[in-house]
Amino acid sequence: MHLSSLIALLSAPLLATSSPLSSSSSSSEIEPRQVYGVTSKYCSTASGNVPSLCFLQYYISATAPTFRVALPSDATNNAAYDTILQIISPITQTWVGFAWGGGMTNNPLTVAWPNGNQGQVGRTLPGIYSSATLRTLSTARNSTHWTVEVVCTGCSRWNSQQNGGRLETQAGSASTFAWAISRTAVPQPSNPSGSFPVHNNQGMFSNALDFGKNARATFTQYVQNKRS
Ligand SMILES: *[C@@H]1O[C@H](CO)[C@@H](O)[C@H](O)[C@H]1NC(C)=O
């Protein structure tokens with residue numbers, strides 16, 4: 001399957017509904033009642049010169065990925081800013097997609113998957129919003145989970161001929177995200193432009209970003225020191 005097919009699969013159904021959709025395969029590993037996940041504030045533990053950073057966390061279930069988003073607290077709707085995304089996924093999920101604008105085709109879509117024992121690659125797919133770039137902050141894998149953490153330049157605002165959009169920075173104003181997961185292995189894990197299998201489950205969530213806001217200096221220090 002080519003990227004364009006994946007994009008179509010991800011985007012069209014997600015636009016139509018905020019409820020869980022039937023799986024493209026016959027089995028769905030997430031119970032419908034579980035798909036409505038829980039948002040909360042998660043703050044990492046400071047380590048060395050890496051400060052504690054707080055995230056808007058979205059927990060779906062033990063068998064699905066957890067997503068965390070962080071941003072600088074002085075971010076406004078009027079200018080682009082960098083965002084941080086963490087994906088913590090059970091190893092049973094072989095790729096995870098995260099759409100920054102809730103699943104419309106013309107918004108940044110970040111996809112991550114495990115790559116052997118070396119962790120995994122995360123990126124924003126080309127052809128959806130090519131101005132978005134990802135830098136990996138950390139990757140990890142153990143016997144139960146793989147994780148990826150990226151800083152995205154270009155995921156806070158996006159524009160296209162059909163759709164322009166942005167995250168909502170105002171206190172209490174919800175931003176809408178979408179996610180999709182698959183248990184089918186990526187055929188070429190080391191190739192960031194490779195093809196992707198059909199997803200097995202997907203959903204959306206909306207929440208204000210307040211839980212993920214951090215002092216600009218803390219955000220910058222976290223990015224600089226976690227990368228090095
Ligand atoms: C594996 O990593 C996940 C995610 O960081 C963590 O929650 C879990 O406790 C770890 N499991 C083991 C056995 O270390």
# chains A, B, ... in the order shown; residues from 1 in each chain; ligands from 1

call {"tool": "residues_around", "arguments": {"residues": "Gly172 in chain A", "least_positions_apart": "5", "cutoff": "9 Å", "atoms": "only C-alpha atoms", "output": "PyMOL selection string"}}
result
chain A and resi 207-210

call {"tool": "residues_near_ligand", "arguments": {"ligand": "ligand 1", "cutoff": "9 Å", "atoms": "only C-alpha atoms and all ligand atoms", "output": "list of chain:residue names"}}
result
A:Ile88, A:Ser89, A:Pro90, A:Ala140, A:Arg141, A:Asn142, A:Ser143, A:Thr144, A:His145, A:Trp146, A:Thr147

call {"tool": "write_last_selection", "arguments": {"atoms": "N, CA, C and O atoms", "output": "compact mmCIF listing (two decimals), in the first residue's frame"}}
result
# COMPACT_ATOMS: atom_id res chain seq x y z
N ILE A 88 3.85 6.22 23.28
CA ILE A 88 4.25 5.05 24.06
C ILE A 88 3.33 3.92 23.62
O ILE A 88 2.12 3.96 23.89
N SER A 89 3.88 2.94 22.92
CA SER A 89 3.03 1.94 22.30
C SER A 89 3.36 0.53 22.75
O SER A 89 4.53 0.16 22.83
N PRO A 90 2.34 -0.29 22.99
CA PRO A 90 2.62 -1.72 23.19
C PRO A 90 3.31 -2.28 21.95
O PRO A 90 3.02 -1.84 20.82
N ALA A 140 13.01 4.34 22.49
CA ALA A 140 13.33 3.27 23.43
C ALA A 140 12.45 2.07 23.11
O ALA A 140 11.42 2.18 22.44
N ARG A 141 12.91 0.94 23.59
CA ARG A 141 12.12 -0.28 23.41
C ARG A 141 12.48 -1.24 24.52
O ARG A 141 13.66 -1.40 24.86
N ASN A 142 11.47 -1.86 25.10
CA ASN A 142 11.74 -2.92 26.07
C ASN A 142 10.85 -4.12 25.72
O ASN A 142 10.32 -4.18 24.61
N SER A 143 10.66 -5.02 26.67
CA SER A 143 9.95 -6.26 26.34
C SER A 143 8.46 -6.04 26.10
O SER A 143 7.79 -6.89 25.51
N THR A 144 7.93 -4.89 26.51
CA THR A 144 6.48 -4.68 26.37
C THR A 144 6.10 -3.47 25.51
O THR A 144 5.02 -3.45 24.94
N HIS A 145 6.97 -2.47 25.44
CA HIS A 145 6.59 -1.22 24.77
C HIS A 145 7.72 -0.68 23.90
O HIS A 145 8.89 -0.92 24.19
N TRP A 146 7.34 0.09 22.88
CA TRP A 146 8.31 0.96 22.21
C TRP A 146 7.81 2.39 22.35
O TRP A 146 6.60 2.63 22.46
N THR A 147 8.76 3.30 22.40
CA THR A 147 8.40 4.70 22.55
C THR A 147 9.20 5.55 21.57
O THR A 147 10.32 5.20 21.18

call {"tool": "atom_distance", "arguments": {"atom1": "CA of Gly165 in chain A", "atom2": "CA of Gly102 in chain A"}}
result
10.1 Å

call {"tool": "closest_residue", "arguments": {"among": "A:Leu167, A:Gln202, A:Arg227, A:Ala215", "to": "Pro72 in chain A", "atoms": "only C-alpha atoms"}}
result
A:Ala215

call {"tool": "closest_residue", "arguments": {"among": "A:Val38, A:Cys43, A:Ala132, A:Val151", "to": "Leu85 in chain A", "atoms": "only C-alpha atoms"}}
result
A:Val151

call {"tool": "residues_around", "arguments": {"residues": "Ser40 in chain A", "least_positions_apart": "4", "cutoff": "12 Å", "atoms": "only C-alpha atoms", "output": "PyMOL selection string"}}
result
chain A and resi 54-60+66-69+207-212

call {"tool": "write_last_selection", "arguments": {"atoms": "all heavy atoms", "output": "tab-separated table (two decimals), in the first residue's frame"}}
result
chain	number	residue	atom	x	y	z
A	54	CYS	N	5.86	18.98	31.12
A	54	CYS	CA	4.48	18.53	31.29
A	54	CYS	C	3.80	18.36	29.95
A	54	CYS	O	4.05	19.11	29.01
A	54	CYS	CB	3.71	19.50	32.18
A	54	CYS	SG	4.37	19.51	33.87
A	55	PHE	N	2.94	17.38	29.88
A	55	PHE	CA	2.28	17.00	28.64
A	55	PHE	C	0.77	16.86	28.86
A	55	PHE	O	0.32	16.45	29.95
A	55	PHE	CB	2.78	15.63	28.17
A	55	PHE	CG	4.23	15.57	27.78
A	55	PHE	CD1	5.22	15.45	28.75
A	55	PHE	CD2	4.62	15.61	26.45
A	55	PHE	CE1	6.56	15.37	28.41
A	55	PHE	CE2	5.96	15.53	26.09
A	55	PHE	CZ	6.94	15.42	27.07
A	56	LEU	N	0.02	17.15	27.82
A	56	LEU	CA	-1.35	16.67	27.73
A	56	LEU	C	-1.26	15.20	27.34
A	56	LEU	O	-0.70	14.87	26.28
A	56	LEU	CB	-2.13	17.44	26.66
A	56	LEU	CG	-3.46	16.80	26.22
A	56	LEU	CD1	-4.45	16.74	27.37
A	56	LEU	CD2	-4.04	17.56	25.03
A	57	GLN	N	-1.73	14.33	28.20
A	57	GLN	CA	-1.65	12.89	27.94
A	57	GLN	C	-3.02	12.35	27.54
A	57	GLN	O	-4.03	12.71	28.14
A	57	GLN	CB	-1.15	12.16	29.18
A	57	GLN	CG	-1.22	10.62	29.06
A	57	GLN	CD	-0.56	9.92	30.23
A	57	GLN	OE1	0.66	9.85	30.32
A	57	GLN	NE2	-1.38	9.39	31.12
A	58	TYR	N	-3.01	11.48	26.54
A	58	TYR	CA	-4.24	10.80	26.14
A	58	TYR	C	-4.01	9.30	26.24
A	58	TYR	O	-3.23	8.72	25.49
A	58	TYR	CB	-4.63	11.18	24.72
A	58	TYR	CG	-5.95	10.58	24.28
A	58	TYR	CD1	-7.15	10.95	24.89
A	58	TYR	CD2	-6.00	9.65	23.25
A	58	TYR	CE1	-8.36	10.40	24.49
A	58	TYR	CE2	-7.21	9.10	22.84
A	58	TYR	CZ	-8.38	9.48	23.46
A	58	TYR	OH	-9.58	8.93	23.07
A	59	TYR	N	-4.68	8.68	27.20
A	59	TYR	CA	-4.56	7.24	27.42
A	59	TYR	C	-5.81	6.56	26.90
A	59	TYR	O	-6.94	6.95	27.26
A	59	TYR	CB	-4.39	6.95	28.92
A	59	TYR	CG	-4.44	5.49	29.26
A	59	TYR	CD1	-3.29	4.71	29.20
A	59	TYR	CD2	-5.64	4.88	29.64
A	59	TYR	CE1	-3.33	3.36	29.50
A	59	TYR	CE2	-5.69	3.52	29.94
A	59	TYR	CZ	-4.54	2.77	29.87
A	59	TYR	OH	-4.59	1.43	30.16
A	60	ILE	N	-5.64	5.58	26.06
A	60	ILE	CA	-6.79	4.89	25.46
A	60	ILE	C	-7.05	3.57	26.18
A	60	ILE	O	-8.13	3.35	26.72
A	60	ILE	CB	-6.54	4.63	23.96
A	60	ILE	CG1	-6.26	5.96	23.24
A	60	ILE	CG2	-7.74	3.91	23.34
A	60	ILE	CD1	-5.63	5.81	21.88
A	66	THR	N	-0.31	5.35	24.11
A	66	THR	CA	-0.60	6.58	24.84
A	66	THR	C	0.10	7.72	24.10
A	66	THR	O	1.24	7.55	23.64
A	66	THR	CB	-0.07	6.47	26.28
A	66	THR	OG1	-0.83	5.47	26.97
A	66	THR	CG2	-0.21	7.80	27.03
A	67	PHE	N	-0.59	8.85	23.97
A	67	PHE	CA	-0.03	10.01	23.28
A	67	PHE	C	0.15	11.14	24.27
A	67	PHE	O	-0.69	11.35	25.14
A	67	PHE	CB	-0.98	10.47	22.16
A	67	PHE	CG	-1.23	9.43	21.11
A	67	PHE	CD1	-2.36	8.62	21.16
A	67	PHE	CD2	-0.32	9.24	20.08
A	67	PHE	CE1	-2.59	7.65	20.19
A	67	PHE	CE2	-0.53	8.27	19.10
A	67	PHE	CZ	-1.68	7.47	19.17
A	68	ARG	N	1.27	11.88	24.11
A	68	ARG	CA	1.52	13.04	24.96
A	68	ARG	C	1.99	14.20	24.09
A	68	ARG	O	2.86	14.03	23.24
A	68	ARG	CB	2.59	12.74	26.00
A	68	ARG	CG	2.19	11.67	27.00
A	68	ARG	CD	3.35	11.31	27.92
A	68	ARG	NE	2.98	10.25	28.85
A	68	ARG	CZ	3.84	9.38	29.37
A	68	ARG	NH1	5.13	9.45	29.05
A	68	ARG	NH2	3.43	8.45	30.21
A	69	VAL	N	1.42	15.38	24.34
A	69	VAL	CA	1.74	16.57	23.56
A	69	VAL	C	2.18	17.68	24.51
A	69	VAL	O	1.55	17.91	25.55
A	69	VAL	CB	0.51	17.04	22.75
A	69	VAL	CG1	0.79	18.36	22.04
A	69	VAL	CG2	0.10	15.97	21.74
A	207	ASN	N	-9.23	18.03	23.26
A	207	ASN	CA	-8.97	18.54	24.60
A	207	ASN	C	-8.21	19.85	24.50
A	207	ASN	O	-7.46	20.06	23.55
A	207	ASN	CB	-8.13	17.53	25.40
A	207	ASN	CG	-8.37	17.60	26.90
A	207	ASN	OD1	-9.38	17.09	27.37
A	207	ASN	ND2	-7.50	18.25	27.63
A	208	ALA	N	-8.38	20.70	25.51
A	208	ALA	CA	-7.55	21.90	25.58
A	208	ALA	C	-6.10	21.48	25.82
A	208	ALA	O	-5.83	20.44	26.42
A	208	ALA	CB	-8.03	22.80	26.71
A	209	LEU	N	-5.18	22.29	25.35
A	209	LEU	CA	-3.75	21.97	25.45
A	209	LEU	C	-3.14	22.39	26.78
A	209	LEU	O	-1.94	22.17	27.00
A	209	LEU	CB	-2.99	22.65	24.31
A	209	LEU	CG	-3.31	22.13	22.90
A	209	LEU	CD1	-2.64	23.02	21.85
A	209	LEU	CD2	-2.85	20.69	22.75
A	210	ASP	N	-3.92	22.97	27.65
A	210	ASP	CA	-3.37	23.58	28.88
A	210	ASP	C	-2.44	22.63	29.67
A	210	ASP	O	-1.42	23.06	30.17
A	210	ASP	CB	-4.50	24.07	29.78
A	210	ASP	CG	-5.38	25.08	29.07
A	210	ASP	OD1	-6.24	24.66	28.27
A	210	ASP	OD2	-5.19	26.28	29.28
A	211	PHE	N	-2.80	21.37	29.76
A	211	PHE	CA	-1.98	20.42	30.51
A	211	PHE	C	-0.57	20.30	29.93
A	211	PHE	O	0.36	19.92	30.63
A	211	PHE	CB	-2.60	19.03	30.50
A	211	PHE	CG	-3.83	18.87	31.36
A	211	PHE	CD1	-4.76	17.88	31.06
A	211	PHE	CD2	-4.04	19.67	32.47
A	211	PHE	CE1	-5.89	17.70	31.85
A	211	PHE	CE2	-5.16	19.51	33.27
A	211	PHE	CZ	-6.09	18.52	32.96
A	212	GLY	N	-0.44	20.60	28.64
A	212	GLY	CA	0.85	20.41	27.97
A	212	GLY	C	1.68	21.68	27.85
A	212	GLY	O	2.68	21.69	27.14

call {"tool": "closest_residue", "arguments": {"among": "A:Asn115, A:Gln221, A:Trp179, A:Glu168", "to": "Asn78 in chain A", "atoms": "only C-alpha atoms"}}
result
A:Glu168

call {"tool": "atom_distance", "arguments": {"atom1": "CA of Val111 in chain A", "atom2": "CA of Val96 in chain A"}}
result
5.6 Å

call {"tool": "closest_residue", "arguments": {"among": "A:Asn77, A:Thr184, A:Asn225, A:Thr153", "to": "Ala46 in chain A", "atoms": "only C-alpha atoms"}}
result
A:Asn225

call {"tool": "closest_residue", "arguments": {"among": "A:Thr39, A:Ser73, A:Gln170, A:Ser52", "to": "Asn214 in chain A", "atoms": "only C-alpha atoms"}}
result
A:Ser73

call {"tool": "residues_around", "arguments": {"residues": "Ala79 in chain A", "least_positions_apart": "5", "cutoff": "10 Å", "atoms": "only C-alpha atoms", "output": "MDAnalysis selection string"}}
result
chainID A and resid 156:157 166

call {"tool": "write_last_selection", "arguments": {"atoms": "N, CA, C and O atoms", "output": "PDB file, in the first residue's frame"}}
result
ATOM      1  N   SER A 156       2.002  22.881  14.463  1.00  0.00           N
ATOM      2  CA  SER A 156       1.090  23.753  15.212  1.00  0.00           C
ATOM      3  C   SER A 156       0.156  24.534  14.298  1.00  0.00           C
ATOM      4  O   SER A 156      -0.919  24.964  14.719  1.00  0.00           O
ATOM      5  N   ARG A 157       0.583  24.752  13.078  1.00  0.00           N
ATOM      6  CA  ARG A 157      -0.237  25.458  12.088  1.00  0.00           C
ATOM      7  C   ARG A 157      -0.033  24.779  10.747  1.00  0.00           C
ATOM      8  O   ARG A 157       1.053  24.298  10.463  1.00  0.00           O
ATOM      9  N   ARG A 166      -4.914  24.946  12.698  1.00  0.00           N
ATOM     10  CA  ARG A 166      -3.936  25.209  13.745  1.00  0.00           C
ATOM     11  C   ARG A 166      -4.397  24.522  15.019  1.00  0.00           C
ATOM     12  O   ARG A 166      -5.577  24.187  15.188  1.00  0.00           O
TER      13      ARG A 166
END
